[in-house]
Every structure is written in C-alpha cells, then in structure tokens.
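*Asks:* File structure_8.tsv follows (TSV, N, CA and C atoms):
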```
chain	number	residue	atom	x	y	z
A	1	MET	N	12.34	27.10	5.56
A	1	MET	CA	11.49	26.00	5.14
A	1	MET	C	11.94	24.72	5.85
A	2	SER	N	11.01	24.02	6.41
A	2	SER	CA	11.38	22.81	7.15
A	2	SER	C	11.14	21.56	6.29
A	3	GLU	N	11.87	20.52	6.64
A	3	GLU	CA	11.71	19.24	5.94
A	3	GLU	C	10.38	18.60	6.35
A	4	PRO	N	9.67	17.94	5.44
A	4	PRO	CA	8.45	17.25	5.84
A	4	PRO	C	8.79	16.11	6.81
A	5	SER	N	7.90	15.89	7.74
A	5	SER	CA	8.13	14.85	8.74
A	5	SER	C	8.06	13.47	8.09
A	6	THR	N	9.00	12.61	8.45
A	6	THR	CA	8.96	11.24	7.96
A	6	THR	C	8.49	10.30	9.06
A	7	GLU	N	8.13	10.89	10.19
A	7	GLU	CA	7.67	10.08	11.32
A	7	GLU	C	6.32	9.45	11.00
A	8	THR	N	6.16	8.19	11.36
A	8	THR	CA	4.88	7.52	11.10
A	8	THR	C	4.15	7.28	12.41
A	9	LEU	N	2.87	7.07	12.28
A	9	LEU	CA	2.01	6.80	13.43
A	9	LEU	C	1.65	5.33	13.47
A	10	SER	N	1.28	4.87	14.66
A	10	SER	CA	0.84	3.49	14.85
A	10	SER	C	-0.49	3.47	15.59
A	11	VAL	N	-1.30	2.49	15.25
A	11	VAL	CA	-2.51	2.19	16.01
A	11	VAL	C	-2.16	0.98	16.87
A	12	ILE	N	-2.39	1.10	18.17
A	12	ILE	CA	-2.12	0.00	19.09
A	12	ILE	C	-3.38	-0.31	19.87
A	13	VAL	N	-3.76	-1.58	19.88
A	13	VAL	CA	-4.90	-2.03	20.69
A	13	VAL	C	-4.39	-3.17	21.55
A	14	GLU	N	-4.65	-3.08	22.86
A	14	GLU	CA	-4.23	-4.13	23.78
A	14	GLU	C	-5.43	-4.57	24.61
A	15	ARG	N	-5.51	-5.86	24.85
A	15	ARG	CA	-6.61	-6.41	25.64
A	15	ARG	C	-6.10	-7.57	26.48
A	16	GLU	N	-6.67	-7.70	27.66
A	16	GLU	CA	-6.52	-8.92	28.45
A	16	GLU	C	-7.70	-9.80	28.05
A	17	ILE	N	-7.40	-10.98	27.54
A	17	ILE	CA	-8.46	-11.87	27.04
A	17	ILE	C	-8.42	-13.17	27.85
A	18	PRO	N	-9.57	-13.59	28.39
A	18	PRO	CA	-9.60	-14.77	29.27
A	18	PRO	C	-9.58	-16.10	28.52
A	19	HIS	N	-8.67	-16.21	27.55
A	19	HIS	CA	-8.50	-17.45	26.79
A	19	HIS	C	-7.01	-17.70	26.63
A	20	PRO	N	-6.60	-18.97	26.51
A	20	PRO	CA	-5.17	-19.27	26.34
A	20	PRO	C	-4.66	-18.82	24.98
A	21	PRO	N	-3.34	-18.55	24.87
A	21	PRO	CA	-2.77	-18.11	23.59
A	21	PRO	C	-3.10	-19.05	22.43
A	22	GLU	N	-3.13	-20.36	22.67
A	22	GLU	CA	-3.38	-21.33	21.60
A	22	GLU	C	-4.74	-21.10	20.94
A	23	LYS	N	-5.73	-20.76	21.75
A	23	LYS	CA	-7.08	-20.53	21.22
A	23	LYS	C	-7.12	-19.22	20.41
A	24	ILE	N	-6.49	-18.19	20.92
A	24	ILE	CA	-6.44	-16.91	20.20
A	24	ILE	C	-5.66	-17.08	18.90
A	25	TRP	N	-4.57	-17.85	18.96
A	25	TRP	CA	-3.76	-18.10	17.77
A	25	TRP	C	-4.61	-18.73	16.66
A	26	ARG	N	-5.45	-19.68	17.02
A	26	ARG	CA	-6.32	-20.30	16.02
A	26	ARG	C	-7.22	-19.25	15.36
A	27	ALA	N	-7.77	-18.35	16.17
A	27	ALA	CA	-8.66	-17.32	15.63
A	27	ALA	C	-7.90	-16.32	14.74
A	28	LEU	N	-6.60	-16.17	14.99
A	28	LEU	CA	-5.79	-15.25	14.19
A	28	LEU	C	-5.25	-15.89	12.92
A	29	THR	N	-5.25	-17.24	12.85
A	29	THR	CA	-4.56	-17.90	11.74
A	29	THR	C	-5.40	-18.89	10.94
A	30	GLN	N	-6.58	-19.24	11.39
A	30	GLN	CA	-7.42	-20.15	10.61
A	30	GLN	C	-8.36	-19.32	9.74
A	31	PRO	N	-8.24	-19.46	8.41
A	31	PRO	CA	-8.96	-18.58	7.49
A	31	PRO	C	-10.47	-18.46	7.76
A	32	HIS	N	-11.14	-19.58	8.09
A	32	HIS	CA	-12.59	-19.49	8.31
A	32	HIS	C	-12.90	-18.68	9.58
A	33	LEU	N	-12.01	-18.71	10.57
A	33	LEU	CA	-12.21	-17.90	11.78
A	33	LEU	C	-11.83	-16.44	11.52
A	34	VAL	N	-10.75	-16.21	10.78
A	34	VAL	CA	-10.35	-14.84	10.43
A	34	VAL	C	-11.48	-14.15	9.68
A	35	GLU	N	-12.15	-14.90	8.81
A	35	GLU	CA	-13.27	-14.32	8.05
A	35	GLU	C	-14.39	-13.86	8.98
A	36	GLU	N	-14.60	-14.59	10.07
A	36	GLU	CA	-15.69	-14.24	10.98
A	36	GLU	C	-15.46	-12.94	11.73
A	37	TRP	N	-14.21	-12.61	12.05
A	37	TRP	CA	-13.98	-11.39	12.84
A	37	TRP	C	-13.29	-10.27	12.06
A	38	LEU	N	-12.63	-10.62	10.93
A	38	LEU	CA	-11.90	-9.59	10.19
A	38	LEU	C	-12.47	-9.42	8.79
A	39	MET	N	-12.06	-10.28	7.85
A	39	MET	CA	-12.53	-10.19	6.47
A	39	MET	C	-12.34	-11.53	5.78
A	40	LYS	N	-13.00	-11.67	4.62
A	40	LYS	CA	-12.74	-12.84	3.76
A	40	LYS	C	-11.27	-12.82	3.41
A	41	ASN	N	-10.67	-14.02	3.23
A	41	ASN	CA	-9.22	-14.06	3.07
A	41	ASN	C	-8.76	-15.38	2.46
A	42	ASP	N	-7.50	-15.40	2.05
A	42	ASP	CA	-6.84	-16.65	1.64
A	42	ASP	C	-5.53	-16.79	2.42
A	43	PHE	N	-5.61	-16.48	3.70
A	43	PHE	CA	-4.45	-16.51	4.60
A	43	PHE	C	-3.94	-17.93	4.84
A	44	LYS	N	-2.63	-18.05	4.95
A	44	LYS	CA	-1.98	-19.28	5.41
A	44	LYS	C	-0.87	-18.86	6.36
A	45	PRO	N	-0.74	-19.52	7.50
A	45	PRO	CA	0.31	-19.14	8.45
A	45	PRO	C	1.67	-19.69	8.02
A	46	VAL	N	2.18	-19.14	6.91
A	46	VAL	CA	3.44	-19.58	6.31
A	46	VAL	C	4.28	-18.34	5.98
A	47	MET	N	5.56	-18.38	6.33
A	47	MET	CA	6.45	-17.24	6.05
A	47	MET	C	6.38	-16.84	4.58
A	48	ASN	N	6.31	-15.53	4.35
A	48	ASN	CA	6.30	-14.90	3.02
A	48	ASN	C	5.04	-15.18	2.19
A	49	HIS	N	4.07	-15.90	2.76
A	49	HIS	CA	2.82	-16.15	2.02
A	49	HIS	C	2.13	-14.83	1.72
A	50	ARG	N	1.75	-14.64	0.47
A	50	ARG	CA	0.99	-13.46	0.06
A	50	ARG	C	-0.50	-13.81	0.10
A	51	PHE	N	-1.28	-12.91	0.68
A	51	PHE	CA	-2.72	-13.16	0.78
A	51	PHE	C	-3.48	-11.86	0.70
A	52	ASN	N	-4.78	-11.99	0.50
A	52	ASN	CA	-5.67	-10.82	0.44
A	52	ASN	C	-6.71	-10.92	1.52
A	53	LEU	N	-7.08	-9.75	2.03
A	53	LEU	CA	-8.26	-9.60	2.87
A	53	LEU	C	-9.26	-8.84	2.02
A	54	ARG	N	-10.50	-9.31	1.98
A	54	ARG	CA	-11.49	-8.71	1.09
A	54	ARG	C	-12.71	-8.23	1.87
A	55	ALA	N	-13.11	-6.99	1.58
A	55	ALA	CA	-14.29	-6.39	2.21
A	55	ALA	C	-15.10	-5.66	1.14
A	56	ASP	N	-16.27	-5.16	1.54
A	56	ASP	CA	-17.13	-4.42	0.60
A	56	ASP	C	-16.39	-3.24	-0.02
A	57	TRP	N	-15.53	-2.59	0.75
A	57	TRP	CA	-14.86	-1.37	0.31
A	57	TRP	C	-13.61	-1.64	-0.53
A	58	GLY	N	-13.14	-2.90	-0.58
A	58	GLY	CA	-11.96	-3.18	-1.38
A	58	GLY	C	-11.14	-4.33	-0.82
A	59	THR	N	-9.88	-4.36	-1.25
A	59	THR	CA	-8.99	-5.46	-0.92
A	59	THR	C	-7.74	-4.95	-0.20
A	60	VAL	N	-7.26	-5.73	0.74
A	60	VAL	CA	-6.00	-5.44	1.42
A	60	VAL	C	-4.99	-6.49	0.95
A	61	ASP	N	-3.86	-6.03	0.42
A	61	ASP	CA	-2.80	-6.94	-0.01
A	61	ASP	C	-1.83	-7.13	1.15
A	62	CYS	N	-1.55	-8.39	1.46
A	62	CYS	CA	-0.75	-8.70	2.64
A	62	CYS	C	0.32	-9.74	2.31
A	63	GLN	N	1.35	-9.77	3.17
A	63	GLN	CA	2.37	-10.80	3.09
A	63	GLN	C	2.85	-11.09	4.51
A	64	VAL	N	2.94	-12.38	4.84
A	64	VAL	CA	3.39	-12.77	6.18
A	64	VAL	C	4.88	-12.43	6.32
A	65	LEU	N	5.20	-11.70	7.39
A	65	LEU	CA	6.58	-11.28	7.66
A	65	LEU	C	7.22	-12.09	8.79
A	66	ALA	N	6.42	-12.45	9.78
A	66	ALA	CA	6.95	-13.19	10.94
A	66	ALA	C	5.84	-14.07	11.49
A	67	ILE	N	6.25	-15.25	11.92
A	67	ILE	CA	5.28	-16.17	12.48
A	67	ILE	C	5.97	-17.04	13.52
A	68	GLU	N	5.50	-16.93	14.76
A	68	GLU	CA	5.98	-17.75	15.85
A	68	GLU	C	4.74	-18.25	16.58
A	69	PRO	N	4.33	-19.50	16.31
A	69	PRO	CA	3.05	-19.99	16.82
A	69	PRO	C	2.79	-19.67	18.29
A	70	ASN	N	1.58	-19.17	18.52
A	70	ASN	CA	1.07	-18.82	19.85
A	70	ASN	C	1.79	-17.64	20.49
A	71	LYS	N	2.65	-16.95	19.71
A	71	LYS	CA	3.40	-15.81	20.26
A	71	LYS	C	3.34	-14.56	19.39
A	72	THR	N	3.71	-14.68	18.11
A	72	THR	CA	3.83	-13.49	17.25
A	72	THR	C	3.37	-13.81	15.83
A	73	LEU	N	2.62	-12.85	15.27
A	73	LEU	CA	2.23	-12.91	13.86
A	73	LEU	C	2.35	-11.50	13.31
A	74	SER	N	3.04	-11.37	12.18
A	74	SER	CA	3.21	-10.06	11.57
A	74	SER	C	3.02	-10.18	10.07
A	75	TYR	N	2.32	-9.19	9.49
A	75	TYR	CA	2.12	-9.17	8.05
A	75	TYR	C	1.96	-7.75	7.54
A	76	THR	N	2.32	-7.57	6.27
A	76	THR	CA	2.12	-6.27	5.65
A	76	THR	C	0.62	-6.05	5.45
A	77	TRP	N	0.23	-4.78	5.33
A	77	TRP	CA	-1.17	-4.40	5.14
A	77	TRP	C	-1.16	-3.24	4.16
A	78	GLY	N	-1.44	-3.55	2.90
A	78	GLY	CA	-1.42	-2.52	1.86
A	78	GLY	C	-2.80	-2.32	1.26
A	79	ALA	N	-3.33	-1.10	1.41
A	79	ALA	CA	-4.66	-0.80	0.86
A	79	ALA	C	-4.83	0.70	0.72
A	80	LEU	N	-5.43	1.11	-0.38
A	80	LEU	CA	-5.80	2.51	-0.58
A	80	LEU	C	-4.63	3.45	-0.33
A	81	GLY	N	-3.44	3.09	-0.81
A	81	GLY	CA	-2.27	3.94	-0.65
A	81	GLY	C	-1.53	3.78	0.66
A	82	LEU	N	-2.04	2.96	1.54
A	82	LEU	CA	-1.41	2.74	2.83
A	82	LEU	C	-0.50	1.52	2.76
A	83	GLU	N	0.74	1.69	3.18
A	83	GLU	CA	1.68	0.58	3.30
A	83	GLU	C	2.04	0.47	4.76
A	84	SER	N	1.48	-0.50	5.45
A	84	SER	CA	1.71	-0.61	6.88
A	84	SER	C	2.02	-2.06	7.25
A	85	VAL	N	2.31	-2.27	8.53
A	85	VAL	CA	2.60	-3.60	9.05
A	85	VAL	C	1.74	-3.82	10.29
A	86	VAL	N	1.07	-4.97	10.31
A	86	VAL	CA	0.26	-5.37	11.48
A	86	VAL	C	1.04	-6.45	12.23
A	87	THR	N	1.22	-6.23	13.52
A	87	THR	CA	1.93	-7.21	14.35
A	87	THR	C	1.07	-7.57	15.55
A	88	TRP	N	0.84	-8.86	15.70
A	88	TRP	CA	0.10	-9.40	16.84
A	88	TRP	C	1.10	-10.02	17.81
A	89	THR	N	0.96	-9.73	19.10
A	89	THR	CA	1.81	-10.32	20.12
A	89	THR	C	0.92	-10.92	21.20
A	90	LEU	N	1.14	-12.20	21.49
A	90	LEU	CA	0.36	-12.91	22.49
A	90	LEU	C	1.28	-13.24	23.67
A	91	THR	N	0.88	-12.80	24.86
A	91	THR	CA	1.67	-13.06	26.06
A	91	THR	C	0.78	-13.75	27.09
A	92	PRO	N	1.15	-14.97	27.50
A	92	PRO	CA	0.32	-15.66	28.50
A	92	PRO	C	0.29	-14.87	29.81
A	93	THR	N	-0.88	-14.88	30.45
A	93	THR	CA	-1.03	-14.26	31.76
A	93	THR	C	-1.66	-15.29	32.69
A	94	ARG	N	-1.78	-14.91	33.94
A	94	ARG	CA	-2.37	-15.82	34.93
A	94	ARG	C	-3.82	-16.15	34.59
A	95	THR	N	-4.51	-15.21	33.95
A	95	THR	CA	-5.94	-15.38	33.67
A	95	THR	C	-6.26	-15.59	32.20
A	96	GLY	N	-5.25	-15.69	31.35
A	96	GLY	CA	-5.50	-15.87	29.92
A	96	GLY	C	-4.35	-15.38	29.08
A	97	THR	N	-4.60	-14.34	28.29
A	97	THR	CA	-3.59	-13.83	27.37
A	97	THR	C	-3.67	-12.31	27.26
A	98	HIS	N	-2.52	-11.69	27.25
A	98	HIS	CA	-2.44	-10.26	26.91
A	98	HIS	C	-2.23	-10.22	25.39
A	99	LEU	N	-3.21	-9.68	24.67
A	99	LEU	CA	-3.16	-9.60	23.22
A	99	LEU	C	-2.88	-8.16	22.81
A	100	ARG	N	-1.82	-7.99	22.01
A	100	ARG	CA	-1.45	-6.65	21.54
A	100	ARG	C	-1.38	-6.67	20.02
A	101	MET	N	-2.06	-5.68	19.41
A	101	MET	CA	-2.02	-5.51	17.96
A	101	MET	C	-1.47	-4.12	17.70
A	102	GLN	N	-0.46	-4.07	16.84
A	102	GLN	CA	0.08	-2.78	16.43
A	102	GLN	C	0.08	-2.71	14.91
A	103	GLN	N	-0.56	-1.67	14.39
A	103	GLN	CA	-0.50	-1.41	12.95
A	103	GLN	C	0.34	-0.15	12.79
A	104	SER	N	1.53	-0.30	12.22
A	104	SER	CA	2.46	0.82	12.11
A	104	SER	C	2.67	1.20	10.65
A	105	GLY	N	3.03	2.47	10.44
A	105	GLY	CA	3.36	2.92	9.10
A	105	GLY	C	2.44	3.99	8.53
A	106	PHE	N	1.59	4.59	9.36
A	106	PHE	CA	0.71	5.65	8.87
A	106	PHE	C	1.51	6.94	8.73
A	107	ARG	N	1.57	7.50	7.53
A	107	ARG	CA	2.26	8.78	7.32
A	107	ARG	C	1.39	9.92	7.87
A	108	PRO	N	2.03	11.06	8.18
A	108	PRO	CA	1.26	12.21	8.69
A	108	PRO	C	0.13	12.65	7.76
A	109	ASP	N	0.27	12.44	6.44
A	109	ASP	CA	-0.77	12.85	5.50
A	109	ASP	C	-1.88	11.80	5.35
A	110	GLN	N	-1.83	10.76	6.18
A	110	GLN	CA	-2.84	9.69	6.10
A	110	GLN	C	-3.73	9.68	7.34
A	111	LYS	N	-4.12	10.89	7.76
A	111	LYS	CA	-4.92	11.01	8.98
A	111	LYS	C	-6.26	10.27	8.88
A	112	GLN	N	-6.88	10.31	7.71
A	112	GLN	CA	-8.16	9.63	7.54
A	112	GLN	C	-7.98	8.12	7.69
A	113	ALA	N	-6.95	7.56	7.08
A	113	ALA	CA	-6.68	6.12	7.21
A	113	ALA	C	-6.36	5.78	8.66
A	114	TYR	N	-5.58	6.64	9.32
A	114	TYR	CA	-5.21	6.41	10.71
A	114	TYR	C	-6.45	6.40	11.61
A	115	GLN	N	-7.31	7.40	11.45
A	115	GLN	CA	-8.54	7.47	12.26
A	115	GLN	C	-9.45	6.28	11.95
A	116	GLY	N	-9.52	5.91	10.67
A	116	GLY	CA	-10.33	4.76	10.28
A	116	GLY	C	-9.83	3.48	10.91
A	117	ALA	N	-8.51	3.32	10.94
A	117	ALA	CA	-7.92	2.12	11.56
A	117	ALA	C	-8.18	2.10	13.06
A	118	LYS	N	-8.06	3.27	13.71
A	118	LYS	CA	-8.32	3.32	15.16
A	118	LYS	C	-9.75	2.84	15.46
A	119	TYR	N	-10.69	3.29	14.66
A	119	TYR	CA	-12.07	2.86	14.83
A	119	TYR	C	-12.24	1.39	14.42
A	120	GLY	N	-11.71	1.04	13.26
A	120	GLY	CA	-11.90	-0.30	12.71
A	120	GLY	C	-11.36	-1.40	13.62
A	121	TRP	N	-10.16	-1.20	14.18
A	121	TRP	CA	-9.58	-2.25	15.02
A	121	TRP	C	-10.39	-2.46	16.30
A	122	GLN	N	-11.05	-1.41	16.80
A	122	GLN	CA	-11.92	-1.60	17.97
A	122	GLN	C	-13.06	-2.56	17.61
A	123	GLN	N	-13.62	-2.38	16.40
A	123	GLN	CA	-14.70	-3.26	15.93
A	123	GLN	C	-14.18	-4.68	15.71
A	124	PHE	N	-13.00	-4.79	15.08
A	124	PHE	CA	-12.43	-6.11	14.83
A	124	PHE	C	-12.17	-6.85	16.13
A	125	PHE	N	-11.66	-6.13	17.13
A	125	PHE	CA	-11.40	-6.78	18.43
A	125	PHE	C	-12.69	-7.24	19.08
A	126	ALA	N	-13.75	-6.44	18.99
A	126	ALA	CA	-15.05	-6.85	19.54
A	126	ALA	C	-15.53	-8.12	18.85
A	127	ASN	N	-15.38	-8.16	17.52
A	127	ASN	CA	-15.78	-9.36	16.77
A	127	ASN	C	-14.91	-10.56	17.15
A	128	LEU	N	-13.61	-10.33	17.31
A	128	LEU	CA	-12.69	-11.40	17.69
A	128	LEU	C	-13.09	-11.99	19.04
A	129	GLU	N	-13.42	-11.14	19.99
A	129	GLU	CA	-13.81	-11.63	21.32
A	129	GLU	C	-15.09	-12.46	21.24
A	130	GLN	N	-16.00	-12.09	20.34
A	130	GLN	CA	-17.23	-12.88	20.16
A	130	GLN	C	-16.90	-14.25	19.59
A	131	VAL	N	-16.00	-14.30	18.61
A	131	VAL	CA	-15.59	-15.58	18.02
A	131	VAL	C	-14.93	-16.45	19.08
A	132	LEU	N	-14.03	-15.86	19.87
A	132	LEU	CA	-13.33	-16.61	20.92
A	132	LEU	C	-14.30	-17.18	21.95
A	133	ALA	N	-15.34	-16.45	22.26
A	133	ALA	CA	-16.32	-16.91	23.24
A	133	ALA	C	-17.11	-18.10	22.72
A	134	ARG	N	-17.21	-18.22	21.39
A	134	ARG	CA	-18.02	-19.24	20.77
A	134	ARG	C	-17.27	-20.52	20.46
A	135	ILE	N	-15.97	-20.41	20.10
A	135	ILE	CA	-15.22	-21.61	19.68
A	135	ILE	C	-14.62	-22.35	20.88
A	136	ASP	N	-14.32	-23.62	20.68
A	136	ASP	CA	-13.69	-24.40	21.75
A	136	ASP	C	-12.19	-24.23	21.72
```
Any chance you could put this one into structure tokens?
*Replies:*
Amino acid sequence: MSEPSTETLSVIVEREIPHPPEKIWRALTQPHLVEEWLMKNDFKPVMNHRFNLRADWGTVDCQVLAIEPNKTLSYTWGALGLESVVTWTLTPTRTGTHLRMQQSGFRPDQKQAYQGAKYGWQQFFANLEQVLARID
C-alpha cells in the first residue's frame, strides 16, 4: 500500500503585456478595477488584510500575504474546500511588463477545482487586458 501523494498542483498564467508595471499594479490593487476583471471585493493593498471576492457561485476568503508595489502581490484564496495561494509577479520588459500569476495548493483530489482555475484564469486575464486597454 502506498502513501497518498501530498504533492500539490499549480496553475500558472504568464503574459507579456504592453503596459508599464505601475498601470498593471493599479488594476491588481484598486478595488473598483479588480471588480471589473475579477470579482466584487473589499480588497486593500495592506499586509495581512482579510478580504472577500464575491461571485454568483459564492465567496472566496482571502488574506494578503506579501505586497511589494509594482512587483509582487500574494494572497490566500480559500473557496469550496480549496486552500491555495495566488501570487502575482510583475517584471518590467523593454515593451511593457511580464505578468505572471501562480495559484498553488491544488491537492490531487481537487482536479475539478484545478481544471476550473485553469479555465477561469484565462478568462480573468482576458478581462484584465481589456481593463488595462481602457484605463490611463
């Protein structure tokens, strides 16, 4: 009999975005902009701040873990039995910003949540790019 795997899976989405890190940072941290591309929220870019993301299907309980303006944002993501961490990394490039999002902590028995996140983050990124194209 073998031990159950404790290895977790991560969803990673990376994009080259033709906007400076400061502009992307605003879209990641200003609640009215976060609502436009992700979900309704009471987010504040403050260490240890607890906040919720709200959608038709339910609520995500979150807490800010790391914040380095225009570089890194990390927060817990707890919903429907999933305890994960979302980390955003912004790296300036010659033409804009390399944006990387990693959601880690999916257990092997959470395949549905993992597949849902893989699909969902593609949609969120598309929405984020639309918001970025519209704001100054």
*Asks:* Taking all atoms of range 79-83 of chain A that the file lists, what box with edges along x, y and z, padded by 6 Å per side, do you get, with centre and edge lengths in Å to one decimal, as JSON?
*Replies:*
```
{"center_x": -1.9, "center_y": 1.4, "center_z": 2.0, "size_x": 19.8, "size_y": 17.0, "size_z": 17.6}
```
*Asks:* Would you return as JSON, numbers by chain the members of range 13-95 of chain A that DSSP assigns to strand (DSSP E) on this structure's backbone?
*Replies:* {"A": [13, 14, 15, 16, 17, 40, 41, 50, 51, 52, 53, 54, 55, 58, 59, 60, 61, 62, 63, 64, 65, 66, 67, 68, 72, 73, 74, 75, 76, 77, 78, 79, 82, 83, 84, 85, 86, 87, 88, 89, 90, 91, 92, 93]}
*Asks:* Can you pull out every residue from chain A that DSSP, working from the backbone, puts in alpha helix (DSSP H), and format the result as a compact mmCIF listing (two decimals) with N, CA and C atoms, in the frame of the given file?
*Replies:*
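Saved as out.txt:
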```
# COMPACT_ATOMS: atom_id res chain seq x y z
N PRO A 21 -3.34 -18.55 24.87
CA PRO A 21 -2.77 -18.11 23.59
C PRO A 21 -3.10 -19.05 22.43
N GLU A 22 -3.13 -20.36 22.67
CA GLU A 22 -3.38 -21.33 21.60
C GLU A 22 -4.74 -21.10 20.94
N LYS A 23 -5.73 -20.76 21.75
CA LYS A 23 -7.08 -20.53 21.22
C LYS A 23 -7.12 -19.22 20.41
N ILE A 24 -6.49 -18.19 20.92
CA ILE A 24 -6.44 -16.91 20.20
C ILE A 24 -5.66 -17.08 18.90
N TRP A 25 -4.57 -17.85 18.96
CA TRP A 25 -3.76 -18.10 17.77
C TRP A 25 -4.61 -18.73 16.66
N ARG A 26 -5.45 -19.68 17.02
CA ARG A 26 -6.32 -20.30 16.02
C ARG A 26 -7.22 -19.25 15.36
N ALA A 27 -7.77 -18.35 16.17
CA ALA A 27 -8.66 -17.32 15.63
C ALA A 27 -7.90 -16.32 14.74
N LEU A 28 -6.60 -16.17 14.99
CA LEU A 28 -5.79 -15.25 14.19
C LEU A 28 -5.25 -15.89 12.92
N THR A 29 -5.25 -17.24 12.85
CA THR A 29 -4.56 -17.90 11.74
C THR A 29 -5.40 -18.89 10.94
N PRO A 31 -8.24 -19.46 8.41
CA PRO A 31 -8.96 -18.58 7.49
C PRO A 31 -10.47 -18.46 7.76
N HIS A 32 -11.14 -19.58 8.09
CA HIS A 32 -12.59 -19.49 8.31
C HIS A 32 -12.90 -18.68 9.58
N LEU A 33 -12.01 -18.71 10.57
CA LEU A 33 -12.21 -17.90 11.78
C LEU A 33 -11.83 -16.44 11.52
N VAL A 34 -10.75 -16.21 10.78
CA VAL A 34 -10.35 -14.84 10.43
C VAL A 34 -11.48 -14.15 9.68
N GLU A 35 -12.15 -14.90 8.81
CA GLU A 35 -13.27 -14.32 8.05
C GLU A 35 -14.39 -13.86 8.98
N GLU A 36 -14.60 -14.59 10.07
CA GLU A 36 -15.69 -14.24 10.98
C GLU A 36 -15.46 -12.94 11.73
N TRP A 37 -14.21 -12.61 12.05
CA TRP A 37 -13.98 -11.39 12.84
C TRP A 37 -13.29 -10.27 12.06
N LYS A 111 -4.12 10.89 7.76
CA LYS A 111 -4.92 11.01 8.98
C LYS A 111 -6.26 10.27 8.88
N GLN A 112 -6.88 10.31 7.71
CA GLN A 112 -8.16 9.63 7.54
C GLN A 112 -7.98 8.12 7.69
N ALA A 113 -6.95 7.56 7.08
CA ALA A 113 -6.68 6.12 7.21
C ALA A 113 -6.36 5.78 8.66
N TYR A 114 -5.58 6.64 9.32
CA TYR A 114 -5.21 6.41 10.71
C TYR A 114 -6.45 6.40 11.61
N GLN A 115 -7.31 7.40 11.45
CA GLN A 115 -8.54 7.47 12.26
C GLN A 115 -9.45 6.28 11.95
N GLY A 116 -9.52 5.91 10.67
CA GLY A 116 -10.33 4.76 10.28
C GLY A 116 -9.83 3.48 10.91
N ALA A 117 -8.51 3.32 10.94
CA ALA A 117 -7.92 2.12 11.56
C ALA A 117 -8.18 2.10 13.06
N LYS A 118 -8.06 3.27 13.71
CA LYS A 118 -8.32 3.32 15.16
C LYS A 118 -9.75 2.84 15.46
N TYR A 119 -10.69 3.29 14.66
CA TYR A 119 -12.07 2.86 14.83
C TYR A 119 -12.24 1.39 14.42
N GLY A 120 -11.71 1.04 13.26
CA GLY A 120 -11.90 -0.30 12.71
C GLY A 120 -11.36 -1.40 13.62
N TRP A 121 -10.16 -1.20 14.18
CA TRP A 121 -9.58 -2.25 15.02
C TRP A 121 -10.39 -2.46 16.30
N GLN A 122 -11.05 -1.41 16.80
CA GLN A 122 -11.92 -1.60 17.97
C GLN A 122 -13.06 -2.56 17.61
N GLN A 123 -13.62 -2.38 16.40
CA GLN A 123 -14.70 -3.26 15.93
C GLN A 123 -14.18 -4.68 15.71
N PHE A 124 -13.00 -4.79 15.08
CA PHE A 124 -12.43 -6.11 14.83
C PHE A 124 -12.17 -6.85 16.13
N PHE A 125 -11.66 -6.13 17.13
CA PHE A 125 -11.40 -6.78 18.43
C PHE A 125 -12.69 -7.24 19.08
N ALA A 126 -13.75 -6.44 18.99
CA ALA A 126 -15.05 -6.85 19.54
C ALA A 126 -15.53 -8.12 18.85
N ASN A 127 -15.38 -8.16 17.52
CA ASN A 127 -15.78 -9.36 16.77
C ASN A 127 -14.91 -10.56 17.15
N LEU A 128 -13.61 -10.33 17.31
CA LEU A 128 -12.69 -11.40 17.69
C LEU A 128 -13.09 -11.99 19.04
N GLU A 129 -13.42 -11.14 19.99
CA GLU A 129 -13.81 -11.63 21.32
C GLU A 129 -15.09 -12.46 21.24
N GLN A 130 -16.00 -12.09 20.34
CA GLN A 130 -17.23 -12.88 20.16
C GLN A 130 -16.90 -14.25 19.59
N VAL A 131 -16.00 -14.30 18.61
CA VAL A 131 -15.59 -15.58 18.02
C VAL A 131 -14.93 -16.45 19.08
N LEU A 132 -14.03 -15.86 19.87
CA LEU A 132 -13.33 -16.61 20.92
C LEU A 132 -14.30 -17.18 21.95
N ALA A 133 -15.34 -16.45 22.26
CA ALA A 133 -16.32 -16.91 23.24
C ALA A 133 -17.11 -18.10 22.72
N ARG A 134 -17.21 -18.22 21.39
CA ARG A 134 -18.02 -19.24 20.77
C ARG A 134 -17.27 -20.52 20.46
```
*Asks:* Considering only N, CA and C atoms, can you say which of A:Arg100, A:Lys118, A:Lys40, A:Arg107 comes closest to Glu16 in chain A?
*Replies:*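 Distance minimum relative to Glu16 in chain A lands on A:Arg100.
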*Asks:* To one decimal place in Å, what is the distance between atom N of Gln63 in chain A and atom N of Arg50 in chain A?
*Replies:*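 Between atom N of Gln63 in chain A and atom N of Arg50 in chain A the gap works out to 5.6 Å.
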*Asks:* Calculated over only N, CA and C atoms, which of the candidates A:His19, A:Asp136, A:Pro108, A:Val13 has the smallest distance to Trp121 in chain A?
*Replies:*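 Once distances to Trp121 in chain A are computed over only N, CA and C atoms, the minimum belongs to A:Val13.
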*Asks:* Separation of CA of Leu132 in chain A and CA of Lys71 in chain A, in Å?
*Replies:* 16.8 Å
*Asks:* Just give me the gap between atom C of Thr29 in chain A and atom C of Thr72 in chain A in Å, one decimal is fine.
*Replies:*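 Computing the Euclidean distance for atom C of Thr29 in chain A and atom C of Thr72 in chain A yields 11.3 Å.
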